[in-house]
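A.B. asks: Pasting start.txt here (compact mmCIF, N, CA and C atoms):
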```txt
# COMPACT_ATOMS: atom_id res chain seq x y z
N MET A 1 11.45 -8.62 8.07
CA MET A 1 10.90 -7.31 7.81
C MET A 1 9.62 -7.13 8.61
N TYR A 2 9.75 -7.11 9.90
CA TYR A 2 8.59 -6.92 10.75
C TYR A 2 8.62 -5.52 11.33
N ALA A 3 7.47 -4.90 11.34
CA ALA A 3 7.34 -3.55 11.89
C ALA A 3 6.14 -3.54 12.82
N ALA A 4 6.14 -2.60 13.72
CA ALA A 4 5.00 -2.46 14.61
C ALA A 4 3.77 -2.08 13.80
N GLN A 5 2.67 -2.71 14.11
CA GLN A 5 1.44 -2.39 13.38
C GLN A 5 0.94 -1.01 13.78
N ILE A 6 0.37 -0.35 12.80
CA ILE A 6 -0.22 0.97 13.01
C ILE A 6 -1.69 0.87 12.60
N GLN A 7 -2.57 1.11 13.55
CA GLN A 7 -3.99 1.12 13.23
C GLN A 7 -4.27 2.26 12.26
N THR A 8 -5.16 2.05 11.34
CA THR A 8 -5.43 3.06 10.31
C THR A 8 -5.85 4.39 10.94
N GLY A 9 -6.63 4.34 11.99
CA GLY A 9 -7.06 5.57 12.66
C GLY A 9 -5.93 6.32 13.34
N GLU A 10 -4.82 5.65 13.58
CA GLU A 10 -3.67 6.27 14.24
C GLU A 10 -2.56 6.66 13.26
N LEU A 11 -2.77 6.38 11.99
CA LEU A 11 -1.76 6.65 10.97
C LEU A 11 -1.54 8.16 10.82
N ARG A 12 -0.27 8.54 10.74
CA ARG A 12 0.09 9.95 10.54
C ARG A 12 0.85 10.08 9.23
N VAL A 13 0.84 11.24 8.65
CA VAL A 13 1.55 11.45 7.39
C VAL A 13 3.03 11.15 7.55
N GLN A 14 3.57 11.36 8.74
CA GLN A 14 4.99 11.08 9.00
C GLN A 14 5.31 9.59 8.93
N ASP A 15 4.29 8.75 9.06
CA ASP A 15 4.49 7.30 9.01
C ASP A 15 4.68 6.81 7.57
N LEU A 16 4.23 7.60 6.60
CA LEU A 16 4.27 7.17 5.20
C LEU A 16 5.67 7.33 4.61
N PRO A 17 6.06 6.41 3.74
CA PRO A 17 7.31 6.62 3.00
C PRO A 17 7.10 7.71 1.96
N THR A 18 8.17 8.23 1.41
CA THR A 18 8.01 9.22 0.35
C THR A 18 7.45 8.52 -0.88
N THR A 19 6.82 9.28 -1.74
CA THR A 19 6.25 8.67 -2.95
C THR A 19 7.32 8.29 -3.95
N TYR A 20 8.54 8.73 -3.73
CA TYR A 20 9.65 8.36 -4.61
C TYR A 20 10.65 7.49 -3.86
N GLY A 21 10.15 6.74 -2.88
CA GLY A 21 11.01 5.91 -2.05
C GLY A 21 11.44 4.63 -2.74
N ASP A 22 12.30 3.92 -2.06
CA ASP A 22 12.73 2.59 -2.51
C ASP A 22 11.65 1.59 -2.16
N TRP A 23 11.70 0.45 -2.83
CA TRP A 23 10.74 -0.61 -2.53
C TRP A 23 10.85 -1.02 -1.06
N SER A 24 12.05 -1.06 -0.52
CA SER A 24 12.21 -1.47 0.88
C SER A 24 11.43 -0.54 1.81
N ASP A 25 11.36 0.74 1.49
CA ASP A 25 10.58 1.69 2.30
C ASP A 25 9.09 1.38 2.20
N TYR A 26 8.62 1.12 0.98
CA TYR A 26 7.20 0.78 0.78
C TYR A 26 6.85 -0.52 1.51
N ALA A 27 7.71 -1.52 1.35
CA ALA A 27 7.45 -2.83 1.95
C ALA A 27 7.45 -2.74 3.47
N ARG A 28 8.39 -2.00 4.03
CA ARG A 28 8.47 -1.83 5.49
C ARG A 28 7.18 -1.19 6.01
N PHE A 29 6.68 -0.20 5.29
CA PHE A 29 5.44 0.44 5.71
C PHE A 29 4.25 -0.50 5.50
N ALA A 30 4.23 -1.24 4.42
CA ALA A 30 3.10 -2.12 4.10
C ALA A 30 2.80 -3.10 5.22
N VAL A 31 3.84 -3.62 5.86
CA VAL A 31 3.62 -4.62 6.90
C VAL A 31 3.17 -4.03 8.23
N THR A 32 2.97 -2.72 8.28
CA THR A 32 2.38 -2.11 9.48
C THR A 32 0.87 -2.29 9.48
N PHE A 33 0.33 -2.85 8.40
CA PHE A 33 -1.10 -3.09 8.25
C PHE A 33 -1.37 -4.58 8.39
N ALA A 34 -2.46 -4.92 9.06
CA ALA A 34 -2.87 -6.32 9.19
C ALA A 34 -4.35 -6.43 8.85
N PRO A 35 -4.66 -6.97 7.67
CA PRO A 35 -6.08 -7.09 7.31
C PRO A 35 -6.78 -8.13 8.17
N ARG A 36 -8.05 -7.91 8.38
CA ARG A 36 -8.84 -8.88 9.16
C ARG A 36 -9.10 -10.14 8.35
N ASP A 37 -9.32 -9.98 7.06
CA ASP A 37 -9.64 -11.10 6.18
C ASP A 37 -8.62 -11.13 5.04
N ARG A 38 -7.60 -11.94 5.19
CA ARG A 38 -6.51 -11.95 4.21
C ARG A 38 -6.98 -12.39 2.82
N GLU A 39 -7.83 -13.39 2.75
CA GLU A 39 -8.32 -13.84 1.43
C GLU A 39 -9.15 -12.77 0.76
N GLY A 40 -10.05 -12.17 1.50
CA GLY A 40 -10.87 -11.10 0.95
C GLY A 40 -10.01 -9.92 0.52
N CYS A 41 -8.99 -9.64 1.31
CA CYS A 41 -8.07 -8.55 0.99
C CYS A 41 -7.35 -8.84 -0.32
N ALA A 42 -6.90 -10.07 -0.48
CA ALA A 42 -6.18 -10.45 -1.70
C ALA A 42 -7.07 -10.30 -2.93
N GLU A 43 -8.31 -10.74 -2.82
CA GLU A 43 -9.25 -10.61 -3.94
C GLU A 43 -9.51 -9.15 -4.27
N PHE A 44 -9.76 -8.35 -3.24
CA PHE A 44 -10.02 -6.92 -3.47
C PHE A 44 -8.80 -6.25 -4.10
N ALA A 45 -7.61 -6.53 -3.56
CA ALA A 45 -6.39 -5.89 -4.04
C ALA A 45 -6.08 -6.27 -5.49
N ALA A 46 -6.30 -7.52 -5.84
CA ALA A 46 -6.06 -7.94 -7.23
C ALA A 46 -7.01 -7.21 -8.17
N SER A 47 -8.25 -7.07 -7.76
CA SER A 47 -9.23 -6.34 -8.57
C SER A 47 -8.87 -4.85 -8.66
N ALA A 48 -8.42 -4.28 -7.54
CA ALA A 48 -8.05 -2.86 -7.53
C ALA A 48 -6.85 -2.60 -8.44
N PHE A 49 -5.88 -3.52 -8.46
CA PHE A 49 -4.72 -3.36 -9.34
C PHE A 49 -5.14 -3.42 -10.81
N ALA A 50 -6.01 -4.36 -11.13
CA ALA A 50 -6.51 -4.46 -12.51
C ALA A 50 -7.24 -3.18 -12.90
N ASN A 51 -8.03 -2.64 -11.99
CA ASN A 51 -8.74 -1.38 -12.26
C ASN A 51 -7.76 -0.24 -12.46
N TRP A 52 -6.72 -0.18 -11.62
CA TRP A 52 -5.71 0.87 -11.77
C TRP A 52 -5.02 0.78 -13.13
N ARG A 53 -4.75 -0.43 -13.58
CA ARG A 53 -4.10 -0.61 -14.89
C ARG A 53 -4.99 -0.08 -16.02
N ARG A 54 -6.30 -0.21 -15.86
CA ARG A 54 -7.23 0.26 -16.89
C ARG A 54 -7.51 1.76 -16.80
N THR A 55 -7.62 2.27 -15.57
CA THR A 55 -8.15 3.63 -15.38
C THR A 55 -7.22 4.60 -14.65
N SER A 56 -6.18 4.10 -14.04
CA SER A 56 -5.29 4.88 -13.16
C SER A 56 -5.97 5.31 -11.86
N ASP A 57 -7.13 4.75 -11.57
CA ASP A 57 -7.83 5.05 -10.32
C ASP A 57 -7.41 4.07 -9.24
N VAL A 58 -7.22 4.59 -8.03
CA VAL A 58 -6.91 3.74 -6.88
C VAL A 58 -8.14 3.71 -5.97
N PRO A 59 -8.19 2.77 -5.04
CA PRO A 59 -9.32 2.72 -4.10
C PRO A 59 -9.50 4.05 -3.37
N ARG A 60 -10.68 4.23 -2.82
CA ARG A 60 -11.03 5.53 -2.24
C ARG A 60 -10.77 5.67 -0.75
N THR A 61 -10.76 4.57 -0.01
CA THR A 61 -10.59 4.72 1.44
C THR A 61 -9.16 4.40 1.86
N LEU A 62 -8.77 4.96 2.98
CA LEU A 62 -7.43 4.73 3.51
C LEU A 62 -7.23 3.25 3.84
N GLN A 63 -8.23 2.62 4.40
CA GLN A 63 -8.17 1.20 4.73
C GLN A 63 -7.94 0.36 3.46
N GLU A 64 -8.66 0.66 2.40
CA GLU A 64 -8.50 -0.08 1.14
C GLU A 64 -7.13 0.16 0.52
N LEU A 65 -6.65 1.39 0.59
CA LEU A 65 -5.33 1.70 0.04
C LEU A 65 -4.24 0.92 0.79
N ARG A 66 -4.35 0.88 2.10
CA ARG A 66 -3.37 0.14 2.90
C ARG A 66 -3.45 -1.35 2.60
N ALA A 67 -4.66 -1.86 2.42
CA ALA A 67 -4.83 -3.28 2.10
C ALA A 67 -4.16 -3.61 0.77
N CYS A 68 -4.29 -2.73 -0.19
CA CYS A 68 -3.67 -2.95 -1.50
C CYS A 68 -2.15 -2.96 -1.41
N LEU A 69 -1.58 -2.03 -0.67
CA LEU A 69 -0.12 -2.00 -0.52
C LEU A 69 0.35 -3.23 0.25
N TRP A 70 -0.39 -3.64 1.26
CA TRP A 70 -0.05 -4.84 2.02
C TRP A 70 -0.01 -6.05 1.08
N PHE A 71 -1.03 -6.16 0.23
CA PHE A 71 -1.07 -7.29 -0.70
C PHE A 71 0.08 -7.23 -1.70
N GLU A 72 0.38 -6.05 -2.21
CA GLU A 72 1.49 -5.92 -3.16
C GLU A 72 2.81 -6.36 -2.52
N GLN A 73 3.01 -6.00 -1.27
CA GLN A 73 4.24 -6.43 -0.57
C GLN A 73 4.30 -7.95 -0.51
N ARG A 74 3.19 -8.58 -0.17
CA ARG A 74 3.16 -10.04 -0.09
C ARG A 74 3.36 -10.68 -1.46
N ARG A 75 2.72 -10.10 -2.45
CA ARG A 75 2.82 -10.67 -3.81
C ARG A 75 4.25 -10.64 -4.31
N TRP A 76 4.91 -9.50 -4.18
CA TRP A 76 6.28 -9.39 -4.68
C TRP A 76 7.25 -10.22 -3.84
N ARG A 77 6.99 -10.29 -2.55
CA ARG A 77 7.84 -11.14 -1.70
C ARG A 77 7.70 -12.60 -2.10
N PHE A 78 6.49 -13.03 -2.40
CA PHE A 78 6.24 -14.40 -2.83
C PHE A 78 6.97 -14.71 -4.14
N MET A 79 7.02 -13.72 -5.03
CA MET A 79 7.72 -13.91 -6.31
C MET A 79 9.24 -13.86 -6.14
N GLY A 80 9.69 -13.40 -4.97
CA GLY A 80 11.11 -13.40 -4.68
C GLY A 80 11.91 -12.30 -5.37
N ARG A 81 11.22 -11.22 -5.68
CA ARG A 81 11.93 -10.11 -6.32
C ARG A 81 11.23 -8.79 -6.00
N GLU A 82 11.88 -7.71 -6.38
CA GLU A 82 11.28 -6.39 -6.20
C GLU A 82 10.36 -6.09 -7.38
N PRO A 83 9.44 -5.17 -7.19
CA PRO A 83 8.49 -4.85 -8.26
C PRO A 83 9.17 -4.29 -9.51
N ASP A 84 8.52 -4.52 -10.63
CA ASP A 84 8.95 -3.90 -11.88
C ASP A 84 8.51 -2.43 -11.86
N ALA A 85 8.76 -1.72 -12.95
CA ALA A 85 8.43 -0.29 -13.01
C ALA A 85 6.94 -0.05 -12.78
N GLU A 86 6.11 -0.88 -13.35
CA GLU A 86 4.66 -0.72 -13.18
C GLU A 86 4.27 -0.93 -11.72
N GLY A 87 4.84 -1.93 -11.09
CA GLY A 87 4.56 -2.18 -9.68
C GLY A 87 4.98 -1.03 -8.79
N MET A 88 6.11 -0.43 -9.09
CA MET A 88 6.57 0.72 -8.32
C MET A 88 5.65 1.93 -8.53
N GLN A 89 5.19 2.11 -9.76
CA GLN A 89 4.27 3.22 -10.04
C GLN A 89 2.97 3.04 -9.27
N TYR A 90 2.49 1.81 -9.21
CA TYR A 90 1.26 1.53 -8.48
C TYR A 90 1.46 1.78 -6.98
N ALA A 91 2.56 1.29 -6.42
CA ALA A 91 2.83 1.51 -5.00
C ALA A 91 2.91 3.01 -4.70
N ALA A 92 3.57 3.76 -5.56
CA ALA A 92 3.67 5.21 -5.36
C ALA A 92 2.29 5.87 -5.43
N ALA A 93 1.45 5.40 -6.35
CA ALA A 93 0.09 5.94 -6.47
C ALA A 93 -0.71 5.67 -5.20
N LEU A 94 -0.53 4.48 -4.62
CA LEU A 94 -1.22 4.16 -3.37
C LEU A 94 -0.75 5.07 -2.24
N ILE A 95 0.55 5.28 -2.14
CA ILE A 95 1.10 6.15 -1.09
C ILE A 95 0.60 7.59 -1.28
N ARG A 96 0.61 8.08 -2.51
CA ARG A 96 0.11 9.45 -2.77
C ARG A 96 -1.33 9.58 -2.33
N ALA A 97 -2.14 8.59 -2.65
CA ALA A 97 -3.55 8.65 -2.27
C ALA A 97 -3.71 8.58 -0.75
N MET A 98 -2.90 7.78 -0.09
CA MET A 98 -2.95 7.73 1.38
C MET A 98 -2.62 9.09 1.97
N ARG A 99 -1.60 9.72 1.42
CA ARG A 99 -1.18 11.05 1.90
C ARG A 99 -2.34 12.04 1.81
N ASN A 100 -3.16 11.92 0.78
CA ASN A 100 -4.31 12.83 0.61
C ASN A 100 -5.38 12.62 1.68
N HIS A 101 -5.38 11.47 2.35
CA HIS A 101 -6.36 11.19 3.38
C HIS A 101 -5.94 11.68 4.76
N LEU A 102 -4.68 12.06 4.91
CA LEU A 102 -4.15 12.38 6.22
C LEU A 102 -3.90 13.87 6.38
N PRO A 103 -4.13 14.41 7.57
CA PRO A 103 -3.80 15.82 7.81
C PRO A 103 -2.28 16.02 7.73
N THR A 104 -1.87 17.16 7.25
CA THR A 104 -0.43 17.42 7.06
C THR A 104 0.21 18.02 8.30
N THR A 105 -0.56 18.43 9.27
CA THR A 105 0.01 19.01 10.49
C THR A 105 0.41 17.93 11.47
N VAL A 106 1.37 18.26 12.32
CA VAL A 106 1.87 17.28 13.31
C VAL A 106 0.92 17.19 14.48
```
Could I get this structure in the form of structure tokens?

C.D. replies:
Amino acid sequence: MYAAQIQTGELRVQDLPTTYGDWSDYARFAVTFAPRDREGCAEFAASAFANWRRTSDVPRTLQELRACLWFEQRRWRFMGREPDAEGMQYAAALIRAMRNHLPTTV
């Protein structure tokens, strides 16, 4: 499941999966991101997920949102299964928030 990387500054709304997509769509998009610091990304993403579970708030920047989805893809792949309902809701929330950061025109 390798995809060409997309720099955050070059990301277009057309690159995003739908918010009601399959996990394979989310995962395929997630790997277009490459964090500079994987360990730091993992720590941030785990904290962001815990915060989302408490408050329904997602990170504020596009870079942070992409980092969280990247980590979720790795986490679920490591567990060897697709996300549960809560994991899918979180992934959809991340995608919705990303969409809000991007212009809708082509």

A.B. asks: So how many Å separate CA of Ala67 in chain A and atom N of Glu10 in chain A, to one decimal?

C.D. replies: 14.5 Å

A.B. asks: Do you have, as a Markdown table, the list of residues of range 71-99 of chain A lying at most 12 Å from range 35-59 of chain A, each with its nearest atom pair and that distance in Å to one decimal, counting only C-alpha atoms and ordered by chain then number?

C.D. replies:
```
| residue | atom | partner | partner_atom | distance |
| --- | --- | --- | --- | --- |
| A:Phe71 | CA | A:Ala42 | CA | 6.1 |
| A:Glu72 | CA | A:Ala45 | CA | 7.9 |
| A:Gln73 | CA | A:Ala45 | CA | 11.2 |
| A:Arg74 | CA | A:Ala42 | CA | 9.5 |
| A:Arg75 | CA | A:Ala42 | CA | 9.2 |
| A:Glu86 | CA | A:Arg53 | CA | 8.9 |
| A:Gly87 | CA | A:Phe49 | CA | 9.4 |
| A:Gln89 | CA | A:Ser56 | CA | 10.2 |
| A:Tyr90 | CA | A:Trp52 | CA | 7.7 |
| A:Ala91 | CA | A:Phe49 | CA | 10.0 |
| A:Ala92 | CA | A:Val58 | CA | 10.8 |
| A:Ala93 | CA | A:Val58 | CA | 7.3 |
| A:Leu94 | CA | A:Val58 | CA | 6.7 |
| A:Ile95 | CA | A:Val58 | CA | 10.2 |
| A:Arg96 | CA | A:Val58 | CA | 9.9 |
| A:Ala97 | CA | A:Val58 | CA | 7.5 |
| A:Met98 | CA | A:Pro59 | CA | 9.8 |
```

A.B. asks: I'd like the interatomic distance between CA of Met79 in chain A and CA of Val13 in chain A, to a tenth of an Å.

C.D. replies: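 Interatomic distance, CA of Met79 in chain A to CA of Val13 in chain A: 29.5 Å.
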
A.B. asks: Counting only C-alpha atoms, find the residues whose atoms lie at most 12 Å from (6.3, 12.5, 8.3) (file coordinates) and write them out as a list in words.

C.D. replies: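 All residues meeting the 12 Å criterion around (6.3, 12.5, 8.3) are Leu11, Arg12, Val13, Gln14, Asp15, Leu16, Pro17, Thr18, Thr19, Arg99, Leu102, Pro103, Thr104, Thr105 and Val106 of chain A.
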
A.B. asks: Around (2.7, -4.6, 12.8) in the file's own coordinates, what residues are found within 6 Å if you use all atoms listed in the file, given back as number ranges by chain?

C.D. replies: A: 3-6, 31-33

A.B. asks: To test your reading of the structure, identify every residue in range 9-106 of chain A that backbone DSSP assigns to helix (DSSP H, G or I), and report it as JSON, numbers by chain.

C.D. replies: {"A": [9, 10, 13, 14, 15, 23, 24, 25, 26, 27, 28, 29, 30, 38, 39, 40, 41, 42, 43, 44, 45, 46, 47, 48, 49, 50, 51, 52, 53, 54, 55, 62, 63, 64, 65, 66, 67, 68, 69, 70, 71, 72, 73, 74, 75, 76, 77, 78, 79, 85, 86, 87, 88, 89, 90, 91, 92, 93, 94, 95, 96, 97, 98, 99, 100, 101]}

A.B. asks: Just the residues within 6 Å of Ala30 in chain A, please, counting only N, CA and C atoms, with nothing from its chain fewer than 5 positions along; format it as a list of chain:residue names.

C.D. replies: A:Asp25, A:Leu69, A:Trp70

A.B. asks: Take the residues from that selection and put them in a file with N, CA and C atoms, as a CSV table (one decimal), in the coordinates of the input.

C.D. replies:
```csv
chain,number,residue,atom,x,y,z
A,25,ASP,N,11.4,0.7,1.5
A,25,ASP,CA,10.6,1.7,2.3
A,25,ASP,C,9.1,1.4,2.2
A,69,LEU,N,-1.6,-2.0,-0.7
A,69,LEU,CA,-0.1,-2.0,-0.5
A,69,LEU,C,0.4,-3.2,0.2
A,70,TRP,N,-0.4,-3.6,1.3
A,70,TRP,CA,0.0,-4.8,2.0
A,70,TRP,C,0.0,-6.0,1.1
```
